[in-house]
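Each remark here refers to the structure printed beneath this line.
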Amino acid sequence: MNTETPTEAANASAPVSEAPLDTDASDQNTPPTSMPSAPSASNTPKAYDAQIVSPAGYKTLRFGQDITAEIREQFGAKEPDTGDESCYYLSDNTLTYNSTEFGKRASVLYQIIDGKMALIHVQGPNAPFYNGVRVGDSVDSVMATHDGQLDYEVDHYAQNGDYYNLIANVNFTVVNPSKDGSVLTTDNIKMTNDTDTLPIQVEYHIKNGQKLSQNTIAADSWSAADKDKLVGEVDSIDIGIPEAIYLIEGCS
(Lines give C-alpha, C1' and ligand atoms only; values in the text may rest on other atoms or scores of the structure.)
Protein backbone atom coordinates (compact mmCIF):
# COMPACT_ATOMS: atom_id res chain seq x y z
CA MET A 1 0.00 0.00 0.00
CA ASN A 2 1.28 3.43 -0.88
CA THR A 3 1.36 5.37 2.39
CA GLU A 4 3.18 8.50 1.24
CA THR A 5 0.18 10.82 1.63
CA PRO A 6 -2.29 11.09 4.54
CA THR A 7 -5.21 9.92 2.39
CA GLU A 8 -3.39 6.87 1.07
CA ALA A 9 -1.95 6.11 4.48
CA ALA A 10 -5.40 6.07 5.98
CA ASN A 11 -6.28 3.19 3.70
CA ALA A 12 -3.22 1.12 4.53
CA SER A 13 -5.30 -1.28 6.60
CA ALA A 14 -7.02 -2.35 3.39
CA PRO A 15 -4.93 -4.60 1.13
CA VAL A 16 -4.34 -3.49 -2.45
CA SER A 17 -3.39 -5.82 -5.26
CA GLU A 18 -1.08 -4.35 -7.88
CA ALA A 19 -1.26 -7.45 -10.09
CA PRO A 20 -2.45 -6.74 -13.67
CA LEU A 21 -6.08 -7.50 -14.29
CA ASP A 22 -7.37 -9.83 -16.96
CA THR A 23 -8.49 -7.48 -19.72
CA ASP A 24 -11.10 -10.01 -20.78
CA ALA A 25 -12.71 -10.05 -17.35
CA SER A 26 -16.20 -8.62 -16.99
CA ASP A 27 -16.48 -4.94 -16.19
CA GLN A 28 -18.43 -3.23 -13.43
CA ASN A 29 -21.67 -3.52 -15.40
CA THR A 30 -21.35 -7.21 -16.20
CA PRO A 31 -21.71 -9.62 -13.27
CA PRO A 32 -19.76 -12.89 -13.50
CA THR A 33 -21.48 -15.96 -14.85
CA SER A 34 -20.92 -19.73 -14.87
CA MET A 35 -19.80 -19.83 -11.26
CA PRO A 36 -20.27 -22.89 -9.03
CA SER A 37 -23.31 -22.94 -6.80
CA ALA A 38 -23.20 -21.81 -3.17
CA PRO A 39 -21.84 -24.14 -0.49
CA SER A 40 -24.51 -26.53 0.76
CA ALA A 41 -26.43 -25.70 3.91
CA SER A 42 -24.78 -28.67 5.63
CA ASN A 43 -21.40 -26.90 5.37
CA THR A 44 -22.53 -23.40 6.36
CA PRO A 45 -24.92 -22.01 8.97
CA LYS A 46 -26.98 -20.44 6.18
CA ALA A 47 -27.16 -21.15 2.46
CA TYR A 48 -25.99 -17.74 1.24
CA ASP A 49 -26.02 -16.97 -2.46
CA ALA A 50 -22.55 -17.71 -3.84
CA GLN A 51 -22.60 -14.49 -5.85
CA ILE A 52 -22.87 -12.38 -2.68
CA VAL A 53 -20.01 -11.71 -0.24
CA SER A 54 -21.28 -13.26 2.99
CA PRO A 55 -20.25 -14.85 6.31
CA ALA A 56 -19.88 -18.10 4.37
CA GLY A 57 -17.48 -16.69 1.77
CA TYR A 58 -17.77 -15.63 -1.87
CA LYS A 59 -18.19 -17.66 -5.04
CA THR A 60 -15.96 -20.73 -4.88
CA LEU A 61 -14.08 -19.86 -1.67
CA ARG A 62 -15.33 -20.35 1.90
CA PHE A 63 -13.86 -19.08 5.14
CA GLY A 64 -11.49 -21.65 6.59
CA GLN A 65 -11.05 -23.41 3.25
CA ASP A 66 -7.58 -24.76 2.42
CA ILE A 67 -6.05 -22.82 -0.48
CA THR A 68 -3.98 -25.12 -2.66
CA ALA A 69 -1.57 -24.33 -5.47
CA GLU A 70 -4.30 -25.46 -7.89
CA ILE A 71 -6.73 -22.91 -6.47
CA ARG A 72 -4.09 -20.18 -6.71
CA GLU A 73 -3.56 -21.01 -10.37
CA GLN A 74 -7.29 -20.61 -10.98
CA PHE A 75 -6.80 -17.00 -9.88
CA GLY A 76 -3.72 -16.60 -12.04
CA ALA A 77 -1.36 -16.64 -9.07
CA LYS A 78 1.23 -19.39 -9.23
CA GLU A 79 3.00 -17.87 -6.24
CA PRO A 80 1.72 -15.76 -3.32
CA ASP A 81 1.76 -12.06 -4.24
CA THR A 82 3.75 -11.25 -1.10
CA GLY A 83 6.24 -14.06 -1.59
CA ASP A 84 5.13 -15.35 1.81
CA GLU A 85 3.02 -18.50 2.03
CA SER A 86 1.82 -17.53 5.53
CA CYS A 87 -0.11 -14.46 4.35
CA TYR A 88 -1.01 -13.22 0.88
CA TYR A 89 -3.90 -12.10 -1.34
CA LEU A 90 -5.80 -13.41 -4.32
CA SER A 91 -7.58 -11.00 -6.66
CA ASP A 92 -11.00 -11.91 -8.04
CA ASN A 93 -10.77 -10.31 -11.47
CA THR A 94 -14.20 -11.44 -12.66
CA LEU A 95 -15.72 -8.31 -11.11
CA THR A 96 -13.91 -5.00 -11.46
CA TYR A 97 -14.42 -1.27 -11.01
CA ASN A 98 -12.59 1.89 -12.03
CA SER A 99 -10.70 3.67 -9.27
CA THR A 100 -9.92 7.34 -9.82
CA GLU A 101 -6.52 6.75 -8.18
CA PHE A 102 -5.51 3.33 -9.48
CA GLY A 103 -7.59 2.66 -12.61
CA LYS A 104 -9.18 -0.73 -13.20
CA ARG A 105 -9.09 -2.90 -10.08
CA ALA A 106 -10.62 -6.07 -8.71
CA SER A 107 -13.71 -5.34 -6.63
CA VAL A 108 -12.92 -8.19 -4.25
CA LEU A 109 -9.69 -9.57 -2.76
CA TYR A 110 -9.20 -12.69 -0.66
CA GLN A 111 -6.70 -12.75 2.20
CA ILE A 112 -5.05 -16.10 2.82
CA ILE A 113 -3.46 -16.78 6.22
CA ASP A 114 -1.57 -19.99 6.97
CA GLY A 115 -2.98 -21.62 3.86
CA LYS A 116 -6.65 -20.91 4.63
CA MET A 117 -9.10 -18.28 3.40
CA ALA A 118 -9.33 -15.82 6.30
CA LEU A 119 -10.78 -12.54 5.03
CA ILE A 120 -12.56 -10.96 2.08
CA HIS A 121 -11.76 -7.33 1.26
CA VAL A 122 -14.50 -5.51 -0.65
CA GLN A 123 -13.25 -2.36 -2.36
CA GLY A 124 -15.57 -1.97 -5.34
CA PRO A 125 -19.00 -0.31 -5.07
CA ASN A 126 -20.45 -2.97 -7.39
CA ALA A 127 -19.61 -5.89 -5.10
CA PRO A 128 -22.81 -7.21 -3.44
CA PHE A 129 -22.70 -7.66 0.33
CA TYR A 130 -24.99 -9.98 2.25
CA ASN A 131 -26.62 -7.29 4.43
CA GLY A 132 -27.11 -4.78 1.62
CA VAL A 133 -24.37 -2.31 2.60
CA ARG A 134 -22.06 -1.32 -0.24
CA VAL A 135 -18.94 0.77 -0.69
CA GLY A 136 -20.03 4.41 -0.95
CA ASP A 137 -23.02 4.06 1.40
CA SER A 138 -23.41 6.50 4.27
CA VAL A 139 -22.38 5.62 7.81
CA ASP A 140 -26.04 6.10 8.77
CA SER A 141 -26.97 3.08 6.67
CA VAL A 142 -24.23 1.03 8.35
CA MET A 143 -25.44 1.95 11.82
CA ALA A 144 -29.05 1.23 10.88
CA THR A 145 -28.13 -2.15 9.40
CA HIS A 146 -26.42 -3.21 12.63
CA ASP A 147 -28.84 -1.40 14.95
CA GLY A 148 -25.92 0.59 16.33
CA GLN A 149 -24.14 -2.53 17.59
CA LEU A 150 -20.70 -1.61 16.28
CA ASP A 151 -17.37 -0.84 17.91
CA TYR A 152 -15.73 2.41 16.81
CA GLU A 153 -11.98 2.77 16.44
CA VAL A 154 -9.79 5.50 15.03
CA ASP A 155 -7.85 4.34 11.98
CA HIS A 156 -4.21 3.60 12.86
CA TYR A 157 -3.02 5.86 10.03
CA ALA A 158 -5.53 8.69 10.46
CA GLN A 159 -5.37 9.82 14.05
CA ASN A 160 -7.23 13.04 13.21
CA GLY A 161 -10.32 10.90 12.67
CA ASP A 162 -10.87 11.51 8.95
CA TYR A 163 -10.82 7.74 8.63
CA TYR A 164 -12.21 5.37 11.22
CA ASN A 165 -13.50 1.81 11.47
CA LEU A 166 -16.77 0.30 12.63
CA ILE A 167 -16.64 -3.37 13.63
CA ALA A 168 -19.56 -5.77 14.07
CA ASN A 169 -19.55 -9.33 15.37
CA VAL A 170 -21.62 -11.48 13.02
CA ASN A 171 -22.11 -14.82 14.75
CA PHE A 172 -20.66 -14.50 18.23
CA THR A 173 -20.63 -12.39 21.37
CA VAL A 174 -17.59 -11.25 23.32
CA VAL A 175 -17.09 -12.52 26.86
CA ASN A 176 -14.36 -11.34 29.23
CA PRO A 177 -13.30 -8.57 26.82
CA SER A 178 -9.69 -7.44 26.99
CA LYS A 179 -9.04 -3.78 27.79
CA ASP A 180 -6.01 -3.34 25.56
CA GLY A 181 -7.73 -4.01 22.23
CA SER A 182 -5.79 -7.21 21.61
CA VAL A 183 -6.99 -9.88 19.20
CA LEU A 184 -9.90 -11.96 20.40
CA THR A 185 -9.13 -15.53 21.43
CA THR A 186 -11.36 -18.55 21.99
CA ASP A 187 -11.57 -17.48 25.64
CA ASN A 188 -13.27 -14.22 24.57
CA ILE A 189 -15.68 -15.69 22.02
CA LYS A 190 -19.07 -17.31 22.55
CA MET A 191 -20.68 -18.52 19.35
CA THR A 192 -24.36 -17.68 18.97
CA ASN A 193 -25.26 -21.02 17.40
CA ASP A 194 -23.88 -24.53 17.32
CA THR A 195 -23.58 -24.84 13.56
CA ASP A 196 -20.88 -22.18 13.05
CA THR A 197 -17.28 -23.26 13.44
CA LEU A 198 -15.52 -19.93 12.75
CA PRO A 199 -16.21 -16.54 14.37
CA ILE A 200 -16.80 -13.87 11.73
CA GLN A 201 -16.54 -10.09 12.00
CA VAL A 202 -17.29 -7.24 9.61
CA GLU A 203 -15.14 -4.11 9.58
CA TYR A 204 -16.32 -1.03 7.71
CA HIS A 205 -13.59 1.46 6.80
CA ILE A 206 -15.23 4.89 6.86
CA LYS A 207 -13.82 8.02 5.20
CA ASN A 208 -14.65 11.73 5.53
CA GLY A 209 -15.48 11.45 9.20
CA GLN A 210 -14.34 13.25 12.31
CA LYS A 211 -12.67 12.05 15.46
CA LEU A 212 -15.11 10.93 18.15
CA SER A 213 -12.77 9.23 20.59
CA GLN A 214 -9.08 8.97 21.37
CA ASN A 215 -9.19 5.27 20.69
CA THR A 216 -12.39 3.22 20.74
CA ILE A 217 -16.10 3.34 21.57
CA ALA A 218 -17.57 -0.01 22.49
CA ALA A 219 -20.82 -1.13 20.90
CA ASP A 220 -22.63 -0.72 24.22
CA SER A 221 -21.12 2.70 25.03
CA TRP A 222 -22.41 5.00 22.29
CA SER A 223 -23.78 8.30 23.55
CA ALA A 224 -26.43 10.27 21.68
CA ALA A 225 -23.86 13.03 21.13
CA ASP A 226 -21.42 10.56 19.57
CA LYS A 227 -24.06 9.23 17.19
CA ASP A 228 -25.05 12.75 16.17
CA LYS A 229 -21.44 13.48 15.16
CA LEU A 230 -20.96 10.23 13.24
CA VAL A 231 -20.47 11.12 9.56
CA GLY A 232 -18.77 9.72 6.47
CA GLU A 233 -19.23 6.94 3.94
CA VAL A 234 -17.97 3.41 3.45
CA ASP A 235 -14.56 3.33 1.78
CA SER A 236 -14.16 -0.46 1.91
CA ILE A 237 -15.45 -3.49 3.82
CA ASP A 238 -13.57 -6.40 5.38
CA ILE A 239 -15.29 -9.60 6.49
CA GLY A 240 -13.46 -12.51 8.06
CA ILE A 241 -12.03 -14.08 11.18
CA PRO A 242 -10.93 -11.73 14.02
CA GLU A 243 -7.26 -12.61 13.51
CA ALA A 244 -7.39 -11.09 10.02
CA ILE A 245 -9.66 -8.18 10.94
CA TYR A 246 -7.25 -7.01 13.64
CA LEU A 247 -4.21 -6.91 11.36
CA ILE A 248 -3.37 -3.23 10.81
CA GLU A 249 -1.61 -3.49 7.47
CA GLY A 250 -3.06 -6.49 5.77
CA CYS A 251 -0.39 -9.17 6.04
CA SER A 252 1.98 -7.28 8.34
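Just remember, in the C-alpha coordinates the first chain shown is A, the second B, etc., residues are 1-based per chain, and ligands are 1-based in the order shown.
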Hey, could you make a per-residue contact list for range 141-187 of chain A against range 233-236 of chain A with 12 Å as the cut-off, showing the nearest pair of atoms and its distance in Å to one decimal, counting only C-alpha atoms, sorted by chain and number, as a Markdown table?
| residue | atom | partner | partner_atom | distance |
| --- | --- | --- | --- | --- |
| A:Ser141 | CA | A:Glu233 | CA | 9.1 |
| A:Val142 | CA | A:Val234 | CA | 8.3 |
| A:Met143 | CA | A:Glu233 | CA | 11.2 |
| A:Asp162 | CA | A:Glu233 | CA | 10.8 |
| A:Tyr163 | CA | A:Asp235 | CA | 9.0 |
| A:Tyr164 | CA | A:Val234 | CA | 9.9 |
| A:Asn165 | CA | A:Val234 | CA | 9.3 |
| A:Leu166 | CA | A:Val234 | CA | 9.8 |
With DSSP run on the backbone, what are the strand (DSSP E) residues within range 90-208 of chain A? I'd like them as a PyMOL selection string. chain A and resi 90-99+103-113+116-122+151-154+163-169+172-174+189-191+201-207
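Minimum distance to Gly240 in chain A across A:Leu198, A:Ala127, A:Ala144, A:Ile189 (counting only C-alpha atoms) occurs at A:Leu198.
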Tyr58 in chain A environment, 10 Å, only C-alpha atoms, sequence neighbours closer than 3 positions dropped, as a list in words: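 The contact residues come out as Ala38, Pro39, Tyr48, Asp49, Ala50, Gln51, Ile52, Val53, Ser54, Pro55, Leu61, Arg62, Phe63, Asp92, Val108, Tyr110, Ile120, Pro128 and Phe129 of chain A.
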Atoms kept (N, CA and C atoms) for selection, written as an mmCIF file, in the first residue's frame:
data_model
loop_
_atom_site.group_PDB
_atom_site.id
_atom_site.type_symbol
_atom_site.label_atom_id
_atom_site.label_comp_id
_atom_site.auth_asym_id
_atom_site.auth_seq_id
_atom_site.Cartn_x
_atom_site.Cartn_y
_atom_site.Cartn_z
ATOM 1 N N ALA A 38 -23.604 -22.118 -4.540
ATOM 2 C CA ALA A 38 -23.203 -21.808 -3.170
ATOM 3 C C ALA A 38 -22.924 -23.077 -2.395
ATOM 4 N N PRO A 39 -22.079 -22.990 -1.349
ATOM 5 C CA PRO A 39 -21.844 -24.141 -0.488
ATOM 6 C C PRO A 39 -23.165 -24.653 0.071
ATOM 7 N N TYR A 48 -26.101 -19.028 1.913
ATOM 8 C CA TYR A 48 -25.987 -17.739 1.244
ATOM 9 C C TYR A 48 -25.773 -17.941 -0.250
ATOM 10 N N ASP A 49 -26.245 -16.992 -1.028
ATOM 11 C CA ASP A 49 -26.016 -16.974 -2.463
ATOM 12 C C ASP A 49 -24.519 -16.855 -2.719
ATOM 13 N N ALA A 50 -23.987 -17.726 -3.567
ATOM 14 C CA ALA A 50 -22.547 -17.715 -3.837
ATOM 15 C C ALA A 50 -22.079 -16.433 -4.504
ATOM 16 N N GLN A 51 -22.988 -15.710 -5.154
ATOM 17 C CA GLN A 51 -22.603 -14.487 -5.851
ATOM 18 C C GLN A 51 -22.608 -13.264 -4.938
ATOM 19 N N ILE A 52 -22.833 -13.473 -3.652
ATOM 20 C CA ILE A 52 -22.867 -12.376 -2.681
ATOM 21 C C ILE A 52 -21.796 -12.615 -1.616
ATOM 22 N N VAL A 53 -20.992 -11.606 -1.319
ATOM 23 C CA VAL A 53 -20.007 -11.713 -0.236
ATOM 24 C C VAL A 53 -20.778 -11.867 1.070
ATOM 25 N N SER A 54 -20.479 -12.939 1.810
ATOM 26 C CA SER A 54 -21.282 -13.261 2.994
ATOM 27 C C SER A 54 -20.421 -13.895 4.076
ATOM 28 N N PRO A 55 -20.995 -14.172 5.251
ATOM 29 C CA PRO A 55 -20.245 -14.848 6.314
ATOM 30 C C PRO A 55 -19.821 -16.268 5.936
ATOM 31 N N LEU A 61 -14.914 -19.781 -2.872
ATOM 32 C CA LEU A 61 -14.082 -19.857 -1.670
ATOM 33 C C LEU A 61 -14.897 -19.632 -0.407
ATOM 34 N N ARG A 62 -14.641 -20.465 0.616
ATOM 35 C CA ARG A 62 -15.328 -20.354 1.898
ATOM 36 C C ARG A 62 -14.311 -20.048 2.985
ATOM 37 N N PHE A 63 -14.757 -19.372 4.026
ATOM 38 C CA PHE A 63 -13.864 -19.085 5.140
ATOM 39 C C PHE A 63 -13.390 -20.393 5.768
ATOM 40 N N ASP A 92 -9.905 -11.378 -7.243
ATOM 41 C CA ASP A 92 -10.997 -11.906 -8.044
ATOM 42 C C ASP A 92 -11.252 -10.922 -9.183
ATOM 43 N N VAL A 108 -13.041 -7.324 -5.422
ATOM 44 C CA VAL A 108 -12.924 -8.192 -4.248
ATOM 45 C C VAL A 108 -11.544 -8.837 -4.195
ATOM 46 N N TYR A 110 -9.170 -11.684 -1.709
ATOM 47 C CA TYR A 110 -9.199 -12.688 -0.657
ATOM 48 C C TYR A 110 -7.875 -12.668 0.090
ATOM 49 N N ILE A 120 -12.208 -11.494 3.390
ATOM 50 C CA ILE A 120 -12.562 -10.958 2.081
ATOM 51 C C ILE A 120 -12.565 -9.439 2.187
ATOM 52 N N PRO A 128 -21.636 -7.040 -4.319
ATOM 53 C CA PRO A 128 -22.810 -7.210 -3.444
ATOM 54 C C PRO A 128 -22.423 -7.784 -2.095
ATOM 55 N N PHE A 129 -22.989 -7.222 -1.030
ATOM 56 C CA PHE A 129 -22.697 -7.657 0.328
ATOM 57 C C PHE A 129 -23.972 -8.196 0.956
#
Between CA of Leu150 in chain A and CA of Lys116 in chain A, what is the distance, to one decimal in Å?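 Atom-to-atom, CA of Leu150 in chain A and CA of Lys116 in chain A are spaced 26.6 Å apart.
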Mind listing the helix (DSSP H, G or I) residues of range 38-206 of chain A, per DSSP on the backbone, as JSON, numbers by chain? {"A": [69, 70, 71, 72, 73, 74, 139, 140, 141, 142, 143, 144, 145, 186, 187, 188]}
With N, CA and C atoms kept, could you save the residues just selected as a PDB file, in the first residue's frame?
ATOM      1  N   ALA A  69      -2.237 -24.926  -4.311  1.00  0.00           N
ATOM      2  CA  ALA A  69      -1.573 -24.331  -5.470  1.00  0.00           C
ATOM      3  C   ALA A  69      -2.508 -24.335  -6.677  1.00  0.00           C
ATOM      4  N   GLU A  70      -3.351 -25.375  -6.779  1.00  0.00           N
ATOM      5  CA  GLU A  70      -4.295 -25.457  -7.888  1.00  0.00           C
ATOM      6  C   GLU A  70      -5.311 -24.318  -7.828  1.00  0.00           C
ATOM      7  N   ILE A  71      -5.785 -24.011  -6.618  1.00  0.00           N
ATOM      8  CA  ILE A  71      -6.731 -22.907  -6.465  1.00  0.00           C
ATOM      9  C   ILE A  71      -6.056 -21.588  -6.812  1.00  0.00           C
ATOM     10  N   ARG A  72      -4.820 -21.408  -6.373  1.00  0.00           N
ATOM     11  CA  ARG A  72      -4.091 -20.182  -6.710  1.00  0.00           C
ATOM     12  C   ARG A  72      -3.989 -20.004  -8.223  1.00  0.00           C
ATOM     13  N   GLU A  73      -3.704 -21.095  -8.927  1.00  0.00           N
ATOM     14  CA  GLU A  73      -3.559 -21.009 -10.373  1.00  0.00           C
ATOM     15  C   GLU A  73      -4.869 -20.618 -11.041  1.00  0.00           C
ATOM     16  N   GLN A  74      -5.997 -21.013 -10.446  1.00  0.00           N
ATOM     17  CA  GLN A  74      -7.292 -20.610 -10.976  1.00  0.00           C
ATOM     18  C   GLN A  74      -7.451 -19.097 -10.939  1.00  0.00           C
ATOM     19  N   VAL A 139     -22.565   6.292   6.522  1.00  0.00           N
ATOM     20  CA  VAL A 139     -22.381   5.622   7.808  1.00  0.00           C
ATOM     21  C   VAL A 139     -23.726   5.421   8.502  1.00  0.00           C
ATOM     22  N   ASP A 140     -24.704   6.268   8.194  1.00  0.00           N
ATOM     23  CA  ASP A 140     -26.035   6.095   8.775  1.00  0.00           C
ATOM     24  C   ASP A 140     -26.632   4.749   8.380  1.00  0.00           C
ATOM     25  N   SER A 141     -26.427   4.357   7.128  1.00  0.00           N
ATOM     26  CA  SER A 141     -26.974   3.081   6.670  1.00  0.00           C
ATOM     27  C   SER A 141     -26.272   1.911   7.360  1.00  0.00           C
ATOM     28  N   VAL A 142     -24.976   2.074   7.639  1.00  0.00           N
ATOM     29  CA  VAL A 142     -24.233   1.026   8.348  1.00  0.00           C
ATOM     30  C   VAL A 142     -24.772   0.877   9.766  1.00  0.00           C
ATOM     31  N   MET A 143     -24.939   1.997  10.458  1.00  0.00           N
ATOM     32  CA  MET A 143     -25.445   1.954  11.824  1.00  0.00           C
ATOM     33  C   MET A 143     -26.850   1.370  11.878  1.00  0.00           C
ATOM     34  N   ALA A 144     -27.682   1.743  10.906  1.00  0.00           N
ATOM     35  CA  ALA A 144     -29.052   1.225  10.881  1.00  0.00           C
ATOM     36  C   ALA A 144     -29.065  -0.274  10.619  1.00  0.00           C
ATOM     37  N   THR A 145     -28.192  -0.732   9.733  1.00  0.00           N
ATOM     38  CA  THR A 145     -28.132  -2.155   9.403  1.00  0.00           C
ATOM     39  C   THR A 145     -27.777  -2.995  10.617  1.00  0.00           C
ATOM     40  N   THR A 186     -10.226 -17.672  21.711  1.00  0.00           N
ATOM     41  CA  THR A 186     -11.361 -18.546  21.989  1.00  0.00           C
ATOM     42  C   THR A 186     -11.930 -18.296  23.386  1.00  0.00           C
ATOM     43  N   ASP A 187     -11.099 -17.781  24.283  1.00  0.00           N
ATOM     44  CA  ASP A 187     -11.572 -17.484  25.640  1.00  0.00           C
ATOM     45  C   ASP A 187     -12.507 -16.277  25.668  1.00  0.00           C
ATOM     46  N   ASN A 188     -12.450 -15.427  24.619  1.00  0.00           N
ATOM     47  CA  ASN A 188     -13.271 -14.217  24.568  1.00  0.00           C
ATOM     48  C   ASN A 188     -14.512 -14.375  23.690  1.00  0.00           C
TER      49      ASN A 188
END
Residue with the minimum atom-to-atom distance to Val133 in chain A, picked from A:Tyr246, A:Tyr97, A:Trp222, A:Tyr204 with only C-alpha atoms counted, is A:Tyr204
Straight-line distance linking CA of Gln149 in chain A with CA of Val135 in chain A, stated in Å to one decimal: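 Taking CA of Gln149 in chain A as the start and CA of Val135 in chain A as the end point, the length is 19.3 Å.
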One-decimal distance in Å that lies between CA of Thr68 in chain A and CA of Ala244 in chain A: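 Between CA of Ala244 in chain A and CA of Thr68 in chain A the gap is 19.2 Å.
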Show me, as number ranges by chain, the residues that have an atom within 9 Å of Glu243 in chain A when counting only C-alpha atoms, minus same-chain residues fewer than 3 positions from it. A: 118, 183-185, 240, 246-247
Using only C-alpha atoms, I'd like a table of the residues in range 190-222 of chain A that come within 6 Å of range 170-178 of chain A; for each, show the closest atom pair and its distance in Å rounded to one decimal, ordered by chain and ascending number, as a Markdown table.
| residue | atom | partner | partner_atom | distance |
| --- | --- | --- | --- | --- |
| A:Lys190 | CA | A:Thr173 | CA | 5.3 |
| A:Met191 | CA | A:Phe172 | CA | 4.2 |
| A:Thr192 | CA | A:Phe172 | CA | 4.9 |
| A:Ile200 | CA | A:Val170 | CA | 5.5 |
| A:Gln201 | CA | A:Val170 | CA | 5.4 |
Could you dump the residues just selected with all heavy atoms as a PDB file, in the first residue's frame?
ATOM      1  N   LYS A 190     -17.973 -16.374  22.336  1.00  0.00           N
ATOM      2  CA  LYS A 190     -19.065 -17.307  22.553  1.00  0.00           C
ATOM      3  C   LYS A 190     -19.933 -17.313  21.299  1.00  0.00           C
ATOM      4  O   LYS A 190     -20.576 -16.320  20.965  1.00  0.00           O
ATOM      5  CB  LYS A 190     -19.901 -16.903  23.773  1.00  0.00           C
ATOM      6  CG  LYS A 190     -21.052 -17.883  24.048  1.00  0.00           C
ATOM      7  CD  LYS A 190     -21.860 -17.448  25.268  1.00  0.00           C
ATOM      8  CE  LYS A 190     -23.005 -18.427  25.530  1.00  0.00           C
ATOM      9  NZ  LYS A 190     -23.815 -18.005  26.708  1.00  0.00           N
ATOM     10  N   MET A 191     -19.925 -18.428  20.579  1.00  0.00           N
ATOM     11  CA  MET A 191     -20.684 -18.525  19.347  1.00  0.00           C
ATOM     12  C   MET A 191     -22.176 -18.470  19.643  1.00  0.00           C
ATOM     13  O   MET A 191     -22.640 -18.974  20.667  1.00  0.00           O
ATOM     14  CB  MET A 191     -20.348 -19.815  18.601  1.00  0.00           C
ATOM     15  CG  MET A 191     -18.869 -20.000  18.295  1.00  0.00           C
ATOM     16  SD  MET A 191     -18.180 -18.708  17.226  1.00  0.00           S
ATOM     17  CE  MET A 191     -18.989 -19.104  15.669  1.00  0.00           C
ATOM     18  N   THR A 192     -22.927 -17.848  18.739  1.00  0.00           N
ATOM     19  CA  THR A 192     -24.362 -17.679  18.968  1.00  0.00           C
ATOM     20  C   THR A 192     -25.187 -18.859  18.478  1.00  0.00           C
ATOM     21  O   THR A 192     -26.386 -18.920  18.738  1.00  0.00           O
ATOM     22  CB  THR A 192     -24.862 -16.391  18.286  1.00  0.00           C
ATOM     23  OG1 THR A 192     -24.461 -16.404  16.906  1.00  0.00           O
ATOM     24  CG2 THR A 192     -24.270 -15.168  18.969  1.00  0.00           C
ATOM     25  N   ILE A 200     -16.923 -14.796  12.858  1.00  0.00           N
ATOM     26  CA  ILE A 200     -16.798 -13.874  11.730  1.00  0.00           C
ATOM     27  C   ILE A 200     -17.131 -12.457  12.188  1.00  0.00           C
ATOM     28  O   ILE A 200     -18.107 -12.233  12.899  1.00  0.00           O
ATOM     29  CB  ILE A 200     -17.739 -14.274  10.568  1.00  0.00           C
ATOM     30  CG1 ILE A 200     -17.382 -15.670  10.035  1.00  0.00           C
ATOM     31  CG2 ILE A 200     -17.679 -13.245   9.450  1.00  0.00           C
ATOM     32  CD1 ILE A 200     -16.015 -15.768   9.384  1.00  0.00           C
ATOM     33  N   GLN A 201     -16.301 -11.507  11.752  1.00  0.00           N
ATOM     34  CA  GLN A 201     -16.540 -10.090  12.003  1.00  0.00           C
ATOM     35  C   GLN A 201     -16.628  -9.331  10.682  1.00  0.00           C
ATOM     36  O   GLN A 201     -16.105  -9.779   9.654  1.00  0.00           O
ATOM     37  CB  GLN A 201     -15.403  -9.484  12.836  1.00  0.00           C
ATOM     38  CG  GLN A 201     -15.377  -9.903  14.291  1.00  0.00           C
ATOM     39  CD  GLN A 201     -14.273  -9.202  15.059  1.00  0.00           C
ATOM     40  OE1 GLN A 201     -13.118  -9.204  14.649  1.00  0.00           O
ATOM     41  NE2 GLN A 201     -14.621  -8.598  16.189  1.00  0.00           N
TER      42      GLN A 201
END
